[in-house]
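Shown next, in C-alpha cells, is the structure this report addresses.
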Amino acid sequence: MKFFITLFLAVLISVPTPAAIQARDSWRSVRTNNLFVIGNAEPEKLRQVAVWLEFFHSAFARLVSRNVLDSSTPTTVIVFRDDPSFTPFKPLYQGRPANVAGYFQPGEDVNYIAMSLDPRERDPFSIAFHEYVHLHLRDNVPGVPLWLNEGLAEFYGSLQFSGGEALLGVPLPYYIRLLRSEEMLPLTTLLGIDSRSPHYNEQDKTGIFYGQSWALVHYLMLGSGPSGQDQFKRFLQQVSRGDDPVKALENSFGMTLDALEKELNAYVRRGDVPSLRIANADDPQAYASYTAMQRQALSEGEANYYLGDLLRHIGRDEDAERYFKQAIALDPTLTLAHAALGHVSLRHKRYDEAKKHFERSTKSPQHYLVHYNYAWVLSREAVSSTGRINEISPENAAVMREQLLQTIKLAPQFAAAYYLLALVDLVRDERLDEAREMAEKAHRLQPKPAFPALLLAQIHLRRSDTANARALLEPLTRDSDRAIKDEAQYLLDSLNNPAAAGRSTATSRGPAKASGALAVVEPVSTSTTRTLGGDASGGTTAIRDGRTIEKSGSLLSVDELLARYVEAMGGEKAIRAVTSRVMKGTVDVPGVSRGGSFESYLQGPNKAMSMIQAHPFGTIKIGYNGRSAWSQTALGVRPVKVPAELGSIQRDADLYAVLRLKNNYVKVTAPGMSEIGYRQVYVLDLQPAAGAVERVYLDAKTYLPVRVNTHRKIGNTLEPVEIYLDEWKAVDGVQYPFSFSQRFAKLTLSFTVKDITHNVPLDASLFEPPPVK
C-alpha cells in the first residue's frame with residue numbers, strides 16, 4: 001500500500017500540585033526525524049507544532065552558523081493546550097511556578113521543550129521556536145551567557161515564513177515600546193545576569209531583560225553594518241571556544257562596551273529596526289527532516305510517564321514519582337516508568353528501590369544510563385561499612401557484566417562502564433586480561449583518569465606486572481585528590497616493601513582490597529563540548545537517515561518480511577475484500593501554499609485516477625485504464641510511453657499491490673536493517689523491469705512502511721523522491737497512512753487524508769484520458 005500515493009508524484013500562589021488526573025485528557029503524539037511531540041492540544045495544532053519546529057530546525061541551522069549539528073540526544077516537546085494545564089509543570093522559583101510560557105530543559109538522556117498554546121502577546125509558535133534555539137545553542141555554543149542565549153532565542157523565535165522566503169529579525173513592537181518607556185539596563189548589568197537573578201525570574205523585571213537582550217542581538221546582527229552577521233559569527237565562535245564573552249564582543253565588533261551601549265540606546269530610540277529577507281525555497285535540505293511524521297494516540301499510562309519525566313528533569317522528584325507510580329498502576333509493563341523511578345530512587349540513595357525498578361526496566365533495551373545504573377546499584381551490595389569492596393557474588397557479577405556490556409554497546413565512549421567492568425573482574429579475580437583492557441579504555445576516555453589509572457595499577461599488580469604498576473602509581477602519589485594520593489602511596493609502599501604492609505596487597509590472591517573511592521565512583525557526566533561546525537574532536541554527528549545498512553545479527557528473510565508486511569496491512573482476506581477505493585484529502589506545499597486538495601480513485605484490479613489541485617501547479621490528473629496511462633496538466637493531455645514512468649503508474653494502479661510484490665518486480669531483496677530518526681527499520685529493495693531500484697523501509701515494530709525511496713518524473717527530468725507514510729489507521733480492516741509526504745530536492749508536498757471509502761461503484765469513464773481539445 002505504499003504505492004497508491006505515488007501517482008501524485010508524477011507532477012510535481014501556592015504551588016499547584018500536578019494531579020495525575022490531568023493525564024486523562026486526550027494525549028497524542030507526533031514523531032518526526034528530530035522530535036517527539038506530545039500534547040493535550042487539538043490534533044491539528046499538535047501537527048502544526050511538529051511541522052514548523054522541524055521547518056525551523058533546518059532554517060535555523062542554515063541561518064545561524066556554517067553547520068549546526070543535530071543533537072545526539074533525542075528531544076521531546078510537550079505542548080499544553082493552555083496555561084492552566086501547563087502551570088503545574090513549570091519550574092519553581094522561590095517555591096512558586098516561574099513566569100514562563102515555555103522552557104527548554106536539557107538532559108543526558110532526553111531534552112525537553114515544554115510550552116503552552118495560550119497566545120498571550122505572542123504567537124505560540126514563536127515560543128516553540130524560542131525554546132528550540134536553546135537546544136541548538138546548548139549543543140553548539142557551550143557556555144553561552146544568558147543574555148545571548150535569550151536574545152538569540154527571541155531574535156530567531158520571531159522568524160516568519162512567507163512563500164519561498166523567510167523573514168529574519170521581524171520587529172517586536174512590544175519590546176520597542178517597553179525599551180522606549182523604561183530605563184534600559186547598563187550593559188555591564190545586562191551581561192552579568194544569570195539564571196538566579198531577579199531580572200530573569202521576577203515578572204516585573206523579566207520584560208526589560210528579554211527586550212534588551214533581543215535588541216542587543218538585533219543590533220549586532222542587522223543594525224551594526226553590512227558586516228554585522230560575519231562579526232556576529234566570529235563572536236559566537238570565540239564564545240564557543242571558551243573566550244570571555246565581553247572581550248569576545250569587543251574584539252569581534254571593534255568597539256568598547258561603553259561605545260556599544262551608546263549605539264544600542266540610539267538604535268532603540270530610532271525604532272527603525274530592519275529585517276532580513278532570506279530565500280529558502282531553493283535549499284534542497286530546507287524541508288528534509290520534518291516530512292517523516294508518525295501520529296498516534298498515547299495511552300493514559302504513557303501520558304503519565306511523560307509528564308512525570310518532565311517533572312523529574314526539572315528537579316521536582318516528589319511530584320514526578322506520583323506520576324510514575326500512576327503510570328505503572330495503569331500499565332505494569334511500562335518499562336520507561338520503571339527506569340525513571342529507578343533514577344529517582346538512585347538520586348535519593350534508595351538503592352533497594354532503584355535495584356527493583358532497574359531490574360524490571362532492563363528486561364528490554366533502554367537508554368545506556370539505565371543499564372549502567374543497574375550495574376552500579378548492584379556494585380553497592382559489595383561495599384562494606386568501611387567503604388571497601390569485599391566481594392561480588394557470582395550471580396551479581398554475571399548480571400553486572402551483562403548490563404555493562406549493553407551499556408558499552410549503546411555508548412562506546414562512556415568511560416564509567418569500562419571502569420566498573422574492570423573493577424568487577426578484579427574483585428572476582430577472573431578475566432584479568434579483560435580487566436586490563438577495560439581499565440585501559442577507561443583511562444583513555446576519562447578526562448581526569450586518576451581513578452582508572454589507580455585501578456589499572458591494581459590490575460597490573462594482580463597480574464604480577466610490577467613495572468607497569470609502578471609507572472602508573474608514582475605520578476598518582478602527587479595527585480591533588482587525597483584519597484587517590486594515599487591509596488597510590490600505600491600500593492607503592494607495599495610494592496617496595498611487602499613485609500611492611502599492614503594489610504593484604506593487590507598482588508595477593510585474596511579478594512582485591514580496592515579503596516572506598518574506587519568502589520563508589522558515581523556515574524560520570526557524558527556531556528561533550530561541541531563548537532560550530534563540528535565536535536571537539538573535529539568529527540561529525542551521524543545522521544540516522546536510512547543510508548547505513550546493518551547486515552549482521554538476526555535478520556528476517558524476504559518471505560518473512562513480506563508475510564509480516566501483508567499481515568500488518570490487515571491480512572490478505574481484508575485486502576482482497578476491497579474492490580474499489582476512493583480517497584480524498586488536502587495537500588500543502590510547505591513554504592509555498594496551503595489548503596490544496598487531492599482525490600484518488602482505484603477500481604480493481606488495475607484502474608486508477610488521481611487528481612491534485614494546489615498552487616502553483618493548478619489542476620493535474622494522472623490515470624491508467626488497465627491498458628494505457630495518461631497525464632493532464634495546464635499544457636494539455638499526453639500519453640505516458642516511457643517504460644520506467646509507465647511501469648510505475650501500472651504498479652501504482654494495482655489495488656492488490658502489497659500482495660503482488662514478487663509479481664510486479666523482477667527482483668525483491670532484504671539487504672538488512674537501518675535507522676530513520678529514532679526508528680529501527682527493515683529494508684526491502686525492489687527492482688522493477690525498467691528504472692531504478694525502489695527501497696522500502698518497514699518499521700521494525702509494526703512492519704508498516706515508514707519511507708520509500710524511488711524516482712519520479714518531474715517535467716522532463718527523472719528525480720529521486722523520498723515518500724514518508726504516517727498516522728496509520730484501519731478502514732474496513734485495511735491499514736492506510738492518513739498523512740503522507742513526498743520530498744524532492746527542491747519541493748515537498750504534504751498530504752492529509754480526510755476520507756477513505758471502499759467498494760463504491762465508479763464510472764469507467766473516470767479512468768479514460770480526457771478528450772484532446
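Chain labels follow the order of the C-alpha cells: the first chain is A, the next B, and so on; residue numbering restarts at 1 in every chain, and ligands are counted from 1 in their shown order.
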Distance query Leu646 (chain A) at most 10 Å, only C-alpha atoms, self and fewer than 6 positions along chain excluded, as a PyMOL selection string: chain A and resi 624+628-630+639-640+652+690
Export N, CA and C atoms of the chosen residues as a compact mmCIF listing (two decimals), in the first residue's frame?
```txt
# COMPACT_ATOMS: atom_id res chain seq x y z
N TYR A 624 -4.83 5.59 -15.37
CA TYR A 624 -4.50 4.33 -16.03
C TYR A 624 -5.80 3.53 -16.17
N SER A 628 -3.53 1.63 -20.86
CA SER A 628 -2.61 2.74 -21.15
C SER A 628 -2.70 3.79 -20.06
N ALA A 629 -1.61 4.56 -19.94
CA ALA A 629 -1.54 5.62 -18.92
C ALA A 629 -1.52 6.98 -19.58
N TRP A 630 -1.99 8.01 -18.84
CA TRP A 630 -2.04 9.36 -19.37
C TRP A 630 -1.88 10.37 -18.24
N PRO A 639 -0.08 11.03 -23.54
CA PRO A 639 0.04 9.62 -23.19
C PRO A 639 1.39 9.36 -22.52
N VAL A 640 1.43 8.40 -21.62
CA VAL A 640 2.68 8.04 -20.95
C VAL A 640 3.25 6.83 -21.66
N ASP A 652 1.33 1.36 -9.45
CA ASP A 652 0.52 2.18 -8.54
C ASP A 652 -0.96 1.88 -8.69
N ALA A 690 11.88 -1.90 -15.53
CA ALA A 690 12.53 -0.72 -16.10
C ALA A 690 12.66 0.34 -15.02
```
Per DSSP on the backbone, filter region 297-347 of chain A down to the residues in alpha helix (DSSP H) and report them as a ChimeraX atom specification. /A:300-313,317-330,335-347
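Considering only C-alpha atoms, the residue among A:Val734, A:Leu341, A:Met438, A:Ile459 positioned nearest to Gln413 (chain A) is A:Met438.
If only C-alpha atoms are the atoms counted, then among A:Val344, A:Val582, A:Ala614, A:Val424 the closest residue to Leu749 (chain A) is A:Ala614.
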Could you check the closest approach to Ala340 (chain A) for each of A:Pro97, A:Gly308, A:Pro84, A:Pro616 and tell me which residue wins, using only C-alpha atoms? A:Gly308
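Remark: for Phe129 (chain A), the closest of the candidate residues A:Val49, A:Leu185, A:Tyr565, A:Lys90 is A:Val49 (distances computed over only C-alpha atoms).
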I want to know what sits within 6 Å of Ser750 (chain A), based on only C-alpha atoms, with residues of the same chain fewer than 6 positions away left out; could you give that as an NGL selection string? :A and (587-588 or 741)
Those residues you just picked out, can you put them in a file as a PDB file, in the first residue's frame with N, CA, C and O atoms?
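The resulting selection_7.pdb:
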```pdb
ATOM      1  N   VAL A 587      -3.820  18.987   0.596  1.00  0.00           N
ATOM      2  CA  VAL A 587      -2.387  18.968   0.305  1.00  0.00           C
ATOM      3  C   VAL A 587      -1.803  20.354   0.557  1.00  0.00           C
ATOM      4  O   VAL A 587      -2.393  21.360   0.181  1.00  0.00           O
ATOM      5  N   ASP A 588      -0.666  20.381   1.248  1.00  0.00           N
ATOM      6  CA  ASP A 588       0.093  21.604   1.478  1.00  0.00           C
ATOM      7  C   ASP A 588       1.426  21.489   0.760  1.00  0.00           C
ATOM      8  O   ASP A 588       1.999  20.393   0.650  1.00  0.00           O
ATOM      9  N   SER A 741       3.880  12.290   2.941  1.00  0.00           N
ATOM     10  CA  SER A 741       4.619  13.424   2.387  1.00  0.00           C
ATOM     11  C   SER A 741       5.619  12.912   1.376  1.00  0.00           C
ATOM     12  O   SER A 741       6.123  11.797   1.487  1.00  0.00           O
TER      13      SER A 741
END
```
Have a look at A:Val370, A:Val760, A:Val706, A:Met569 and name the one nearest to Thr335 (chain A); count only C-alpha atoms. A:Val370
Quick one: residues within 7 Å of region 395-408 of chain A, only C-alpha atoms, excluding same-chain residues fewer than 4 positions away - as a ChimeraX atom specification? /A:368,371-372,375,378,412,414,417,421,424
Write the residues of the preceding selection, restricted to N, CA, C and O atoms, as a PDB file, in the first residue's frame.
```
ATOM      1  N   TYR A 368      21.378   3.916  27.714  1.00  0.00           N
ATOM      2  CA  TYR A 368      22.573   3.292  28.282  1.00  0.00           C
ATOM      3  C   TYR A 368      22.742   3.579  29.776  1.00  0.00           C
ATOM      4  O   TYR A 368      23.259   2.742  30.524  1.00  0.00           O
ATOM      5  N   HIS A 371      21.028   0.888  31.991  1.00  0.00           N
ATOM      6  CA  HIS A 371      21.805  -0.345  32.145  1.00  0.00           C
ATOM      7  C   HIS A 371      23.009  -0.116  33.062  1.00  0.00           C
ATOM      8  O   HIS A 371      23.312  -0.950  33.921  1.00  0.00           O
ATOM      9  N   TYR A 372      23.681   1.020  32.901  1.00  0.00           N
ATOM     10  CA  TYR A 372      24.837   1.298  33.750  1.00  0.00           C
ATOM     11  C   TYR A 372      24.424   1.464  35.216  1.00  0.00           C
ATOM     12  O   TYR A 372      25.056   0.915  36.122  1.00  0.00           O
ATOM     13  N   ALA A 375      23.815  -1.784  36.998  1.00  0.00           N
ATOM     14  CA  ALA A 375      25.068  -2.419  37.392  1.00  0.00           C
ATOM     15  C   ALA A 375      25.688  -1.694  38.579  1.00  0.00           C
ATOM     16  O   ALA A 375      26.215  -2.320  39.512  1.00  0.00           O
ATOM     17  N   LEU A 378      23.989  -2.610  41.821  1.00  0.00           N
ATOM     18  CA  LEU A 378      24.423  -3.940  42.271  1.00  0.00           C
ATOM     19  C   LEU A 378      25.811  -3.882  42.895  1.00  0.00           C
ATOM     20  O   LEU A 378      26.101  -4.634  43.840  1.00  0.00           O
ATOM     21  N   PRO A 412      29.718   3.657  23.362  1.00  0.00           N
ATOM     22  CA  PRO A 412      31.114   3.197  23.349  1.00  0.00           C
ATOM     23  C   PRO A 412      32.109   4.176  23.971  1.00  0.00           C
ATOM     24  O   PRO A 412      33.226   3.778  24.280  1.00  0.00           O
ATOM     25  N   PHE A 414      31.570   5.878  26.805  1.00  0.00           N
ATOM     26  CA  PHE A 414      31.206   6.097  28.206  1.00  0.00           C
ATOM     27  C   PHE A 414      32.224   5.402  29.104  1.00  0.00           C
ATOM     28  O   PHE A 414      32.196   4.183  29.295  1.00  0.00           O
ATOM     29  N   ALA A 417      31.515   2.809  32.294  1.00  0.00           N
ATOM     30  CA  ALA A 417      31.134   1.410  32.088  1.00  0.00           C
ATOM     31  C   ALA A 417      32.362   0.512  31.997  1.00  0.00           C
ATOM     32  O   ALA A 417      32.400  -0.594  32.567  1.00  0.00           O
ATOM     33  N   LEU A 421      33.328  -2.429  34.800  1.00  0.00           N
ATOM     34  CA  LEU A 421      33.524  -3.806  34.343  1.00  0.00           C
ATOM     35  C   LEU A 421      34.913  -4.307  34.738  1.00  0.00           C
ATOM     36  O   LEU A 421      35.070  -5.460  35.171  1.00  0.00           O
ATOM     37  N   VAL A 424      34.800  -5.200  38.418  1.00  0.00           N
ATOM     38  CA  VAL A 424      34.145  -6.490  38.664  1.00  0.00           C
ATOM     39  C   VAL A 424      35.136  -7.625  38.450  1.00  0.00           C
ATOM     40  O   VAL A 424      35.253  -8.548  39.270  1.00  0.00           O
TER      41      VAL A 424
END
```
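Atom to atom, CA of Ala670 (chain A) and CA of Arg564 (chain A) stand 13.3 Å apart.
Note that the spacing between CA of Ala354 (chain A) and CA of Val377 (chain A) amounts to 7.3 Å.
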Considering only C-alpha atoms, return as a PyMOL selection string whatever protein or nucleic-acid residues lie within 9 Å of Arg638 (chain A), sequence-local ones (same chain, fewer than 3 positions apart) excluded. chain A and resi 629-633+635+769+772
